[in-house]
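Notes for the one structure printed next.
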There are 4 protein chains.
Amino acid sequence: MTKPLNVGMIGYGFMAKAHSNAYAQVNHFFDLPYRPVLKAVCARSADNAKTFADRWDYESVETDWHKLIERKDIDLVDICVPNNLHAEIALAAAQAGKMILCEKPLAMNGPEGLKMVEAVEKARVPNMVWYNYRRIPAVTLARRLIDDGKLGRVFHYRAKFLQDWTISPDVPQGGTATWRLAIEQAGSGVTGDLLAHCIDTALWLNGSLDTVNAMTETFIKERKHNLTGKVEKVGIDDACTFMGRFANGSLATFESTRYARGHKALYTLEVNGEHASLAWDLHDLHRLQYFDHRDEGRLRGWRSIHVTDHGGGHPYMDRWWVPGLQIGYEATFVHQVADFLNGVKEGKPAMPDFRDAYRTQLVLDAVLQSAKDQKWVNVAKG
Amino acid sequence: MTKPLNVGMIGYGFMAKAHSNAYAQVNHFFDLPYRPVLKAVCARSADNAKTFADRWDYESVETDWHKLIERKDIDLVDICVPNNLHAEIALAAAQAGKMILCEKPLAMNGPEGLKMVEAVEKARVPNMVWYNYRRIPAVTLARRLIDDGKLGRVFHYRAKFLQDWTISPDVPQGGTATWRLAIEQAGSGVTGDLLAHCIDTALWLNGSLDTVNAMTETFIKERKHNLTGKVEKVGIDDACTFMGRFANGSLATFESTRYARGHKALYTLEVNGEHASLAWDLHDLHRLQYFDHRDEGRLRGWRSIHVTDHGGGHPYMDRWWVPGLQIGYEATFVHQVADFLNGVKEGKPAMPDFRDAYRTQLVLDAVLQSAKDQKWVNVAKG
Amino acid sequence: MTKPLNVGMIGYGFMAKAHSNAYAQVNHFFDLPYRPVLKAVCARSADNAKTFADRWDYESVETDWHKLIERKDIDLVDICVPNNLHAEIALAAAQAGKMILCEKPLAMNGPEGLKMVEAVEKARVPNMVWYNYRRIPAVTLARRLIDDGKLGRVFHYRAKFLQDWTISPDVPQGGTATWRLAIEQAGSGVTGDLLAHCIDTALWLNGSLDTVNAMTETFIKERKHNLTGKVEKVGIDDACTFMGRFANGSLATFESTRYARGHKALYTLEVNGEHASLAWDLHDLHRLQYFDHRDEGRLRGWRSIHVTDHGGGHPYMDRWWVPGLQIGYEATFVHQVADFLNGVKEGKPAMPDFRDAYRTQLVLDAVLQSAKDQKWVNVAKG
Amino acid sequence: MTKPLNVGMIGYGFMAKAHSNAYAQVNHFFDLPYRPVLKAVCARSADNAKTFADRWDYESVETDWHKLIERKDIDLVDICVPNNLHAEIALAAAQAGKMILCEKPLAMNGPEGLKMVEAVEKARVPNMVWYNYRRIPAVTLARRLIDDGKLGRVFHYRAKFLQDWTISPDVPQGGTATWRLAIEQAGSGVTGDLLAHCIDTALWLNGSLDTVNAMTETFIKERKHNLTGKVEKVGIDDACTFMGRFANGSLATFESTRYARGHKALYTLEVNGEHASLAWDLHDLHRLQYFDHRDEGRLRGWRSIHVTDHGGGHPYMDRWWVPGLQIGYEATFVHQVADFLNGVKEGKPAMPDFRDAYRTQLVLDAVLQSAKDQKWVNVAKG
């Protein structure tokens, strides 16, 4: 029996769209103990809330998130607002006993994140953070291969997240559409926005990072601010590169930028192990590259695995179409909701929960600290 | 104002799933004059119909398609059953004045297709056939580039559709899951199933085909039949290759098979023009390959266009996510429904309609005739 | 002990350059029983001969090929002239008891080729035709994999050779630089020039072709002729496509053109077998694509094998550089000379010899006959 | 008139082979003022020298490099010995007034390199270092595009050089074949061997590096030493990653390792500019990837430029084969010799000369210092 689970969405932007789609779609493809019901969406502007509700069939709207959280008919609160608002909402929602799904990064920084972790753990409410790329079938498959020992000892883990959308100095900072460029709303630039994804996946695939050494740059120093209307100093990092060492002895090389012309959302990762290597990128998300040194010598080569097969064990794919047919970006959220709902039922939370995301936050903090102090920084334990 | 439009689905298999998804999703992403309402699904077995209805939120079920067609509360009939049943249902639905969306290929052969065309044209009901690959953004973009004269005179059009799922002699023929291997249900093998797609796209991109010369092969001559339980002769073509000439003077090279180990659903096409060439394949459907001889000499190269951008004019993509994020196979059906609903409103039907699909059927007939007679065959005019 | 072997080169164009390079280089990389000595080069113009001799260190020049052949100090005659001159020279060289290396295609047609075969067989002189692509390491590896049974039963063999250098109507026909466009010098267009390569490889990899069905086209009907100075009808085929059936039951799909914008020398081949498939293309000649269905299900993918390794058994590569470093087009000729010289020593000729190339000629004849008669044609046995 | 230029080669290993090939081949393809004559080769063992001389047609052999340098009939000394021997030989050769071509890296460290620079500058002898990758046509084209302003302001330069040949602990260190693993012979590990290439190209394409921050690792701590026969501590770096800042304000990300399973010699570079980006890798060295934001919006994509064309301006390629046909690794040395010989004639030295290579050495020193001290280090000016 599938039970209804009432969702209250806070926010109406890009991520709210992706999450709403996941709630709407998940039961079409997965057999689950719960069926999300789109109960209410909250935006400061009633018009914005109404328009969003109409499109996604939310039953009602709110303009004050406190009200949404207080509603008895809401089981789950989904936080899809700029980073600076995550903590306050999450703390209130935890106190109200709601399940919480929070957009990434968890918080503006580690200490804020820790409060959120403590709140949900104290309230014992199911909680999860939307690091959705773990649920790309090719990435999930990568994890399984590592778990199965295919790679052996790992020597290198490298990841990049490259974009090019802020190269023009005409892009403003702040407000609704471009809050990611305003330090007071975003907390950081590419570090919290993009490297956060890379770090989450890395910790999942390769274990904890012990120490980091970072460099950041802000190429365009001033931009018009949407809130003040004035040209103001840009506080975020446009680019961030860091090196590091994982607890398992492997070396880390990470880079992110919004100034890599020609790349829209090129998240790439590669892991080099003693026996095998694997690589993946978001621009062709349904493919996993795999090289196995144990193959017959003359036949060794990087395999381009089209992760769309069924019988062979490609994660999630038997729920979708037929072999050879790819899924889209949005499927990652569907998978995450599916895993979450199963986790709620079984009392075995789907990852990453707040604590897991807090560990990523601690890496982010160390990275930013290192860039500021221009030296190696140890990552705090979470 | 968005008006409801009641859908009656006949069938509950793979294509019914893809179409239901399109109805469920289309208003989430597109602003349209109609909103499909999943009114009823029909299957011979009430259990199958019920299960499917539960998953996709159909309001009711039927077990006799005649009844579904007779229902006053059904505006649109979607035919998702084996090929041998298309005509009878379509004729009845046309007579009942329903809009009709029919799976491809339209019919078992040209004469049967012609009856269907005459029926819908006589009844003046909106009609369309699910040749969904036209609506892959990269393919739609290809059409626009051709329309804009980017290619100039076309010399070559080649297409392939390669699969490998029937290589094992243990795959049976006939019945529900493998009706595509039974000649009496499918009408033909890869010709009607896969080349039909290639031909539809080709006629759309490059105009009519005048003459063809084909070769077919059935590699595995006998398979167990699911309906009789006996090993029976295989009547379908496992592979089909044909050459031809288009009306515009370009040469055609087409091939399809289910015996190309390593390819799951590799539909590829390439067009070579005087000034430019383009190529595309279904395994990475969000990419268009483009070569322009008018580029500066030292900078000429095949461009891998990630057709996920917004402002630049990538068809449909501004309705989805952000640049760099790919969509899945299922989006093609969403696009087709969106175009259909707009077409209905404007009285300007979305293509391909039955007549268009009938023209594809005439090519299929010529191909099969040519393979049988081992000689060149002119394609009849439709 | 390495013995000198005196080479007499007839011709001074592109192929003469490639072959001279092979003679100059082969002992630098291979340990061989013979060392080619560049004894004489022959061109009708003494200036051309002299210039070529200076560049490649030929010891002497001739302006009459009869004289070259008569010279006692010439052991081996290399025929690098337009196709219409192959036979006469080869017959004379055979009669003079010289070893003969002849550019491809062997002859203008099958009957002419047969005379050449009979001449060299009667004279018992070592002979070989420069179908150099067999000696690309990736292609040689393909052959070994097939020999080792990796593919199992073969279902499909397809090959293309695409160029774009004659799209402009301003390219003339005939004479020295563009003799390939003049029917009286070339015998045919892409069929003898490009498909000849594809057929040679196919017969080597997949056995004999039984029957073919072809289509040819001449897109530009008239071109200025370099010899007459007038605009004349173009007699060659600009494009040729054919289907066919191999003796082993697999289907053939071949295509060649000089009107595929964006492709310079794109020779591609793919073989689909029951257990595995392989593919290769000339634009990245050092890579072999390989898919093996017997790989673990979730890890199946097309392997891009960089055929530059040593220990693992990549043919010829241990003679060159270190793993990862590619060789160039010219290496194929070096390999062929190396194999030839070893063959001479061992009395075990390197393939393809004249008879092997004659079999390719018979396929070319059947293809051209089929295109002319517009029907299936059986390939004669050679 | 082409004048002879007598070459004295010191060394008989892999690089001596590559250079000898270049001397043997260069006049076959380029029209030059000089023709290298392979006068003498020097190895400590007369047998090794003799074998090498036989293969490459050196006229004589020496077993003491001092003797070679003293010979009056030697114009040019080519130093192809382990790094620890470069300086002594170069100083002597300069004093003897010979032209000097030295393998990379120039020296064991900056101070040693400076002595070499001063020696050749004082002696006014033509000198060059074999950073051959500048002469890959795709890389030379990259330089021209940058010079022509195609990229605009540069934001990012990243390079990697990945190998996997030392993963096994059974690979020994020291001696002839594996001197690159012995600190006393090589000076460093991947830093001097592989990153040296990356840095040379970077300085050439993107100007000087101001400051670096590096991390090194030695994964396998002890290896058998070929000279002592004992298991000894490994002194070289197995992997090195560094970040940095170029003088033009762009950010540097570099990485090298011999522990990246699946990569044999994967040198990759990418430059991101305001208007355009370019990328290249050594495994497919004949291709340049190029993205131009100024292309029509819907047609923007990474172009895979097959740098084998003639008229269009692909550097060096008109000297080789026809468009579409790739050259090999060895061609880079041929190009470098051609440029050097022209430079000698024109009194305009081909780069990189010793001073240029010394600048690379200063970066290497800074990188190694940074890794040791775990902090940012400024690159000394050279």
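Chains: A, B, ... in order of the structure tokens. Residues: from 1 per chain. Ligands: from 1, in order shown.
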Worksheet entry | A:Arg134 surroundings by only C-alpha atoms, 7 Å radius, close-in-sequence under 5 positions cut, as a PyMOL selection string | chain A and resi 139-140+201
How would the residues just picked look written out with N, CA and C atoms as a compact mmCIF listing (two decimals), in the first residue's frame?
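For reference, part.txt as written:
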# COMPACT_ATOMS: atom_id res chain seq x y z
N VAL A 139 27.33 7.09 -12.14
CA VAL A 139 28.07 7.41 -10.91
C VAL A 139 27.79 6.36 -9.83
N THR A 140 26.55 5.96 -9.75
CA THR A 140 26.21 4.90 -8.80
C THR A 140 26.96 3.62 -9.17
N THR A 201 30.59 13.85 -4.07
CA THR A 201 30.81 12.59 -4.79
C THR A 201 32.13 11.95 -4.36
Practice prompt. Would you mind listing what lies within 7 Å of C:Gly297 as a count of residues only, with only C-alpha atoms counted and same-chain residues fewer than 3 positions away left out?
Written response: 3
Practice prompt. With a cut-off of 10 Å and counting only C-alpha atoms, select all residues of chain C in contact with chain D and give the selection as a ChimeraX atom specification.
Written response: /C:14-15,17-18,20-21,24-25,27-31,52,54-57,163,165,262-267,282-287,306,308-309,320-331
Practice prompt. As JSON, numbers by chain, please: all residues of stretch 229-379 of chain B that backbone DSSP puts in strand (DSSP E).
Written response: {"B": [231, 232, 233, 239, 240, 241, 242, 243, 244, 245, 246, 251, 252, 253, 254, 255, 256, 257, 266, 267, 268, 269, 270, 271, 272, 273, 276, 277, 278, 279, 280, 281, 287, 288, 289, 290, 291, 292, 302, 303, 304, 305, 306, 377, 378]}
Worksheet item: Counting only C-alpha atoms, what is within 10 Å of stretch 228-234 of chain D, bar same-chain residues fewer than 6 positions away, as a ChimeraX atom specification?
Response: /D:172-175,181-183,189,218-222
Practice prompt. Could you give me, as a PyMOL selection string, the residues within 10 Å of C:Gln289, counting only C-alpha atoms and dropping anything in the same chain fewer than 2 positions from it?
Written response: (chain A and resi 299+301-303) or (chain C and resi 138+142+270+277-281+287+291+301-307)
Worksheet item: What does the distance from atom CA of A:Gly11 to atom CA of A:Val41 come to in Å, to one decimal?
Response: 7.1 Å
Discussion item. Can you pull out the residues contacting A:Tyr358? Cut-off 10 Å, using only C-alpha atoms, and skip same-chain residues under 5 positions away; I want them as a PyMOL selection string.
Written reply: chain A and resi 105-107+109-117+129+200+352-353+363-364+381-382
